[in-house]
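Novice: I'd like to ask you about the structure that follows.
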Amino acid sequence: MVSLWFERAWIGNGWEKDVRLRIADGRIASVETGVAAQGADDRHRAGLPGLCNVHSHGFQRGMAGLSERRSRPDDNFWSWREIMYRFLDRLTPEDVAAITAQAYAEMLETGFTRVGEFHYLHHDPAGAAYADPAEMAGAIAQASAATGIGLTLLPVFYAHGNFDAAPPSPGQRRFLNDIDGFAALLDASRSKLAGDANIGVAPHSLRAVTPEELRALLEMSPTGPVHIHAAEQLKEVADCVAWSGARPVEWLLDNVGVDERWCLIHSTHLDEREVRRLAASGAVAGLCPVTEGNLGDGIFPAVDYLGAGGRFGVGTDSNILVDAAQELRALEYSQRLAQRARALLASEEAPFVGANLFASAIAGGAQALGVPAGLAVGHAADIVSLDLEHPSFAGNDDATLLDRWIFAARAGAIDSVWRAGVKRVEKGRHLDADAIGTAYRGCVARLLA
């Protein structure tokens, strides 16, 4: 039994004073508030529940910074995708494990304690299945075990290059499966999971899956998370309208029973009706503001969506920059730039932007990854402590503490991180950062030589 004591901790949707958490077998055994610390307690100033990273492609951390050179006048998401295809062409399972471990260590250092790995790199460089169809899923599980981060594995079904079952491109050969092959991959992937890891299913997008295949996937996985890319790019929206007469999110809402277990990744380009309908569905919008900004995707209509009661989580997607606070900050700033106003993702009932963003991301992220949210008895002991000696917290009070972390703190604001009750980060650094970083640097240097 381990006990942590905090001067203040985020319990439910607000701060409680003098909080003592007892942890057993990786879970919170008791929560006491208004109590003094006891002799053996590990004492800290401010405790938060860890965030869920709803959308990651771990291997893409290895190409961060390699796509910022202008290569053509119409450089956009689609030209970036070709760079990504060239990078992944050479990756082995060992490479994926090393690169993904680096991304996962950085996630823990910034306050993410569970990741939804949208895992589509299944086959060998020639596009042939490995003898173990879940060889690459095993590399993801290895990275999770090496870093300690919680894992929601989301094996991706990918069969086509565009709407109406268009043939895939050569660059997509490592992703492809038919329904039977994917069923075998999904079953084999389950055997790779340990601890409290869980699994969902991820039809890549309406570009990559037919309606019949999508329905077969849902029958194959009747419970657990369902994640899908939707309406990230205007070209995707136009192509979907040409194929079906409906926009991507509109088509999903009309045809496949989108509900609380769905997470629609990006959903950047919604019309007013889609905003209202997606919010009413109970699904989560999986927002990745840093990557969406990097790729020039566009700006999600967050003000209207949250005003309609919509739920969201945040993800690091391409892992160009891994930082939980930066994702929340970028979400608010994108709305300010679009609407030329301030403090937009707040309300009269919740006037502090940081607290409102954090509370919403905690709830929506946990829902999207199929786990309970927050610090409560029976939940995983996934806990983040803030270093209130950091200059950004000078003169802090409860009302502005999360605003200071999200908008003002830079690096070093996080002191410790516990995942399933085990301390993985101390003084802002992952305890195995040296070994993980050495393996990562050697891997990427070899790949880019």
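Chains: A, B, ... in order of the structure tokens. Residues: from 1 per chain. Ligands: from 1, in order shown.
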Determine, using only C-alpha atoms, which residues of region 126-233 of chain A have any atom at most 12 Å from an atom of region 372-385 of chain A, and tabulate each with its shortest atom pair and distance in Å to one decimal place, rows ordered by chain and then rising number, as JSON lines.

Specialist:
```
{"residue": "A:Gly148", "atom": "CA", "partner": "A:Asp382", "partner_atom": "CA", "distance": 10.7}
{"residue": "A:Ile149", "atom": "CA", "partner": "A:Asp382", "partner_atom": "CA", "distance": 9.3}
{"residue": "A:Gly150", "atom": "CA", "partner": "A:Asp382", "partner_atom": "CA", "distance": 8.8}
{"residue": "A:Gly195", "atom": "CA", "partner": "A:Ala380", "partner_atom": "CA", "distance": 10.8}
{"residue": "A:Asp196", "atom": "CA", "partner": "A:Ala380", "partner_atom": "CA", "distance": 8.5}
{"residue": "A:Ala197", "atom": "CA", "partner": "A:Ala380", "partner_atom": "CA", "distance": 11.2}
```

Novice: Which region 339-433 of chain A residues have any atom within 9 Å of an atom of region 273-293 of chain A, and for each, what is the nearest pair of atoms with distance in Å to one decimal, counting only C-alpha atoms, rows sorted by chain and number, as CSV?

Specialist:
```
residue,atom,partner,partner_atom,distance
A:Gly364,CA,A:Val284,CA,6.1
A:Gly365,CA,A:Val284,CA,7.9
A:Gln367,CA,A:Val284,CA,7.6
A:Ala368,CA,A:Val284,CA,6.2
```

Novice: Set out as a tab-separated table a contact list for region 28-107 of chain A and region 308-317 of chain A with a cut-off of 9 Å, giving each residue of region 28-107 of chain A that qualifies its closest atom pair and distance in Å to one decimal, counting only C-alpha atoms, ordered by chain and rising residue number.

Specialist:
```
residue	atom	partner	partner_atom	distance
A:Leu51	CA	A:Val314	CA	8.7
A:Cys52	CA	A:Gly313	CA	7.5
A:Asn53	CA	A:Gly315	CA	4.6
A:Val54	CA	A:Gly315	CA	4.7
A:His55	CA	A:Gly315	CA	4.5
A:Ser56	CA	A:Asp317	CA	4.2
A:His57	CA	A:Asp317	CA	5.6
A:Gly58	CA	A:Asp317	CA	8.0
A:Gln60	CA	A:Asp317	CA	8.4
A:Met107	CA	A:Thr316	CA	8.7
```

Novice: At a cut-off of 8 Å, using only C-alpha atoms, what residues contact Arg215 (chain A)? Leave out same-chain residues fewer than 4 positions from it and give the result as a PDB file with C-alpha atoms, in the first residue's frame.

Specialist:
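For reference, around.pdb as written:
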```pdb
ATOM      1  CA  PRO A 211     -19.920   0.662 -45.774  1.00  0.00           C
ATOM      2  CA  GLU A 219     -19.989  -6.713 -35.608  1.00  0.00           C
ATOM      3  CA  VAL A 256     -23.738   3.571 -38.387  1.00  0.00           C
TER       4      VAL A 256
END
```

Novice: Measuring between only C-alpha atoms, which one of A:Pro167, A:Ile179, A:Ala363, A:Asn294 shows the shortest distance to Ala330 (chain A)?

Specialist: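 So, comparing all the options, the nearest one is A:Asn294.
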
Novice: Write out as a tab-separated table (two decimals) with C-alpha atoms, in the first residue's frame the residues lying within 8 Å of Lys192 (chain A), counting only C-alpha atoms and excluding same-chain residues fewer than 6 positions away.

Specialist:
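And here is the file that came out, selection17.tsv:
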```tsv
chain	number	residue	atom	x	y	z
A	134	ALA	CA	0.32	-8.74	-34.58
A	137	ALA	CA	1.15	-4.48	-32.27
A	138	GLY	CA	3.63	-6.29	-30.07
A	141	ALA	CA	2.86	-3.08	-26.37
```

Novice: Please give the complete set of residues from region 89-267 of chain A that DSSP, run on the backbone, assigns to strand (DSSP E), formatted as a JSON list (two decimals) with C-alpha atoms, in the first residue's frame.

Specialist:
```
[["chain", "number", "residue", "atom", "x", "y", "z"],
["A", 112, "PHE", "CA", -0.58, 12.06, -20.39],
["A", 113, "THR", "CA", -0.92, 8.75, -18.55],
["A", 114, "ARG", "CA", -2.81, 6.68, -21.17],
["A", 115, "VAL", "CA", -2.55, 6.69, -24.95],
["A", 116, "GLY", "CA", -4.91, 5.60, -27.70],
["A", 117, "GLU", "CA", -2.54, 4.18, -30.31],
["A", 118, "PHE", "CA", -4.22, 4.40, -33.73],
["A", 119, "HIS", "CA", -2.09, 1.59, -35.08],
["A", 150, "GLY", "CA", -1.46, 2.98, -20.10],
["A", 151, "LEU", "CA", -2.43, 1.63, -23.52],
["A", 152, "THR", "CA", -5.65, 1.53, -25.47],
["A", 153, "LEU", "CA", -4.66, -0.27, -28.65],
["A", 154, "LEU", "CA", -6.71, 0.70, -31.71],
["A", 155, "PRO", "CA", -5.82, -1.64, -34.60],
["A", 156, "VAL", "CA", -6.70, 0.09, -37.85],
["A", 157, "PHE", "CA", -8.60, -1.47, -40.73],
["A", 198, "ASN", "CA", -7.60, -2.49, -23.47],
["A", 199, "ILE", "CA", -8.44, -2.69, -27.15],
["A", 202, "ALA", "CA", -10.34, 1.76, -35.80],
["A", 203, "PRO", "CA", -11.75, 1.87, -39.32],
["A", 226, "VAL", "CA", -14.46, 2.83, -32.08],
["A", 227, "HIS", "CA", -12.18, 5.50, -33.56],
["A", 228, "ILE", "CA", -12.24, 6.88, -37.10],
["A", 229, "HIS", "CA", -10.67, 9.81, -38.95],
["A", 230, "ALA", "CA", -13.45, 12.08, -40.20],
["A", 262, "TRP", "CA", -17.21, 6.46, -30.87],
["A", 263, "CYS", "CA", -14.40, 8.96, -31.19],
["A", 264, "LEU", "CA", -14.37, 10.95, -34.43],
["A", 265, "ILE", "CA", -10.80, 12.10, -34.92],
["A", 266, "HIS", "CA", -10.36, 15.71, -36.10]]
```

Novice: As a PyMOL selection string, please: every residue in region 54-98 of chain A that a backbone DSSP assignment puts in helix (DSSP H, G or I).

Specialist: chain A and resi 58-63+77-88+93-98

Novice: Just to confirm, what's the straight-line distance from CA of Glu426 (chain A) to CA of Glu109 (chain A) in Å (one decimal)?

Specialist: 8.7 Å

Novice: For the atom pair CA of Ala246 (chain A) and CA of Leu217 (chain A), what is the interatomic distance in Å to one decimal place?

Specialist: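 Between these atoms lies a distance of 21.5 Å.
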
Novice: Looking at only C-alpha atoms, which of A:Ala242, A:Ile436, A:Leu21, A:Ala324 is the one that sits closest to Ala105 (chain A)?

Specialist: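 Of A:Ala242, A:Ile436, A:Leu21, A:Ala324, the one nearest Ala105 (chain A) is A:Ile436, counting only C-alpha atoms.
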
Novice: Can you list, as a PyMOL selection string, every protein, DNA or RNA residue that comes within 9 Å of region 336-353 of chain A when you count only C-alpha atoms, leaving out same-chain residues fewer than 2 positions away?

Specialist: chain A and resi 299+302-303+306-307+331-334+355-358+399-400+402-403

Novice: Counting only C-alpha atoms, figure out which residue out of A:Arg69, A:Arg81, A:Arg410, A:Arg8 gets nearest to Arg329 (chain A).

Specialist: A:Arg410

Novice: Which is closest to Asp323 (chain A) among A:Leu4, A:Ala126, A:Val425, A:Ala103, if we use only C-alpha atoms?

Specialist: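 Looking only at the distances to Asp323 (chain A), the closest residue turns out to be A:Ala103.
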
Novice: If you count only C-alpha atoms, which residues fall within 12 Å of Trp78 (chain A), apart from same-chain ones fewer than 2 positions away, as a list in words?

Specialist: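 Listing them by chain and then by number gives Ser67, Ser71, Arg72, Asp74, Asp75, Asn76, Trp80, Arg81, Glu82, Ile83, Met84, Tyr85, Glu232, Gln233, Leu234, Lys235, Glu236, Leu295, Gly296 and Asp297 of chain A.
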
Novice: Quote the spacing between CA of Phe59 (chain A) and CA of Gln172 (chain A) in Å to one decimal place.

Specialist: 15.2 Å

Novice: Which residues are near Glu7 (chain A)? Cut-off 6 Å, only C-alpha atoms, ignore same chain within fewer than 3 positions. Put them as a PyMOL selection string.

Specialist: chain A and resi 17-18+45

Novice: Take the residues that were just selected and, keeping N, CA and C atoms, output them as a PDB file, in the first residue's frame.

Specialist:
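Listed below is the output, part_23.pdb:
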```pdb
ATOM      1  N   LYS A  17      -8.893  20.264  -0.627  1.00  0.00           N
ATOM      2  CA  LYS A  17      -7.709  20.540   0.187  1.00  0.00           C
ATOM      3  C   LYS A  17      -7.297  19.300   0.980  1.00  0.00           C
ATOM      4  N   ASP A  18      -5.988  19.194   1.225  1.00  0.00           N
ATOM      5  CA  ASP A  18      -5.425  18.181   2.123  1.00  0.00           C
ATOM      6  C   ASP A  18      -5.978  16.795   1.783  1.00  0.00           C
ATOM      7  N   ARG A  45       2.476  19.072  -3.576  1.00  0.00           N
ATOM      8  CA  ARG A  45       1.702  20.306  -3.451  1.00  0.00           C
ATOM      9  C   ARG A  45       0.356  20.232  -4.153  1.00  0.00           C
TER      10      ARG A  45
END
```

Novice: Which of these residues is nearest to Leu91 (chain A), using only C-alpha atoms: A:Gly245, A:Gly257, A:Pro125, A:Gly437?

Specialist: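 Using only C-alpha atoms, Leu91 (chain A) sits closest to A:Pro125.
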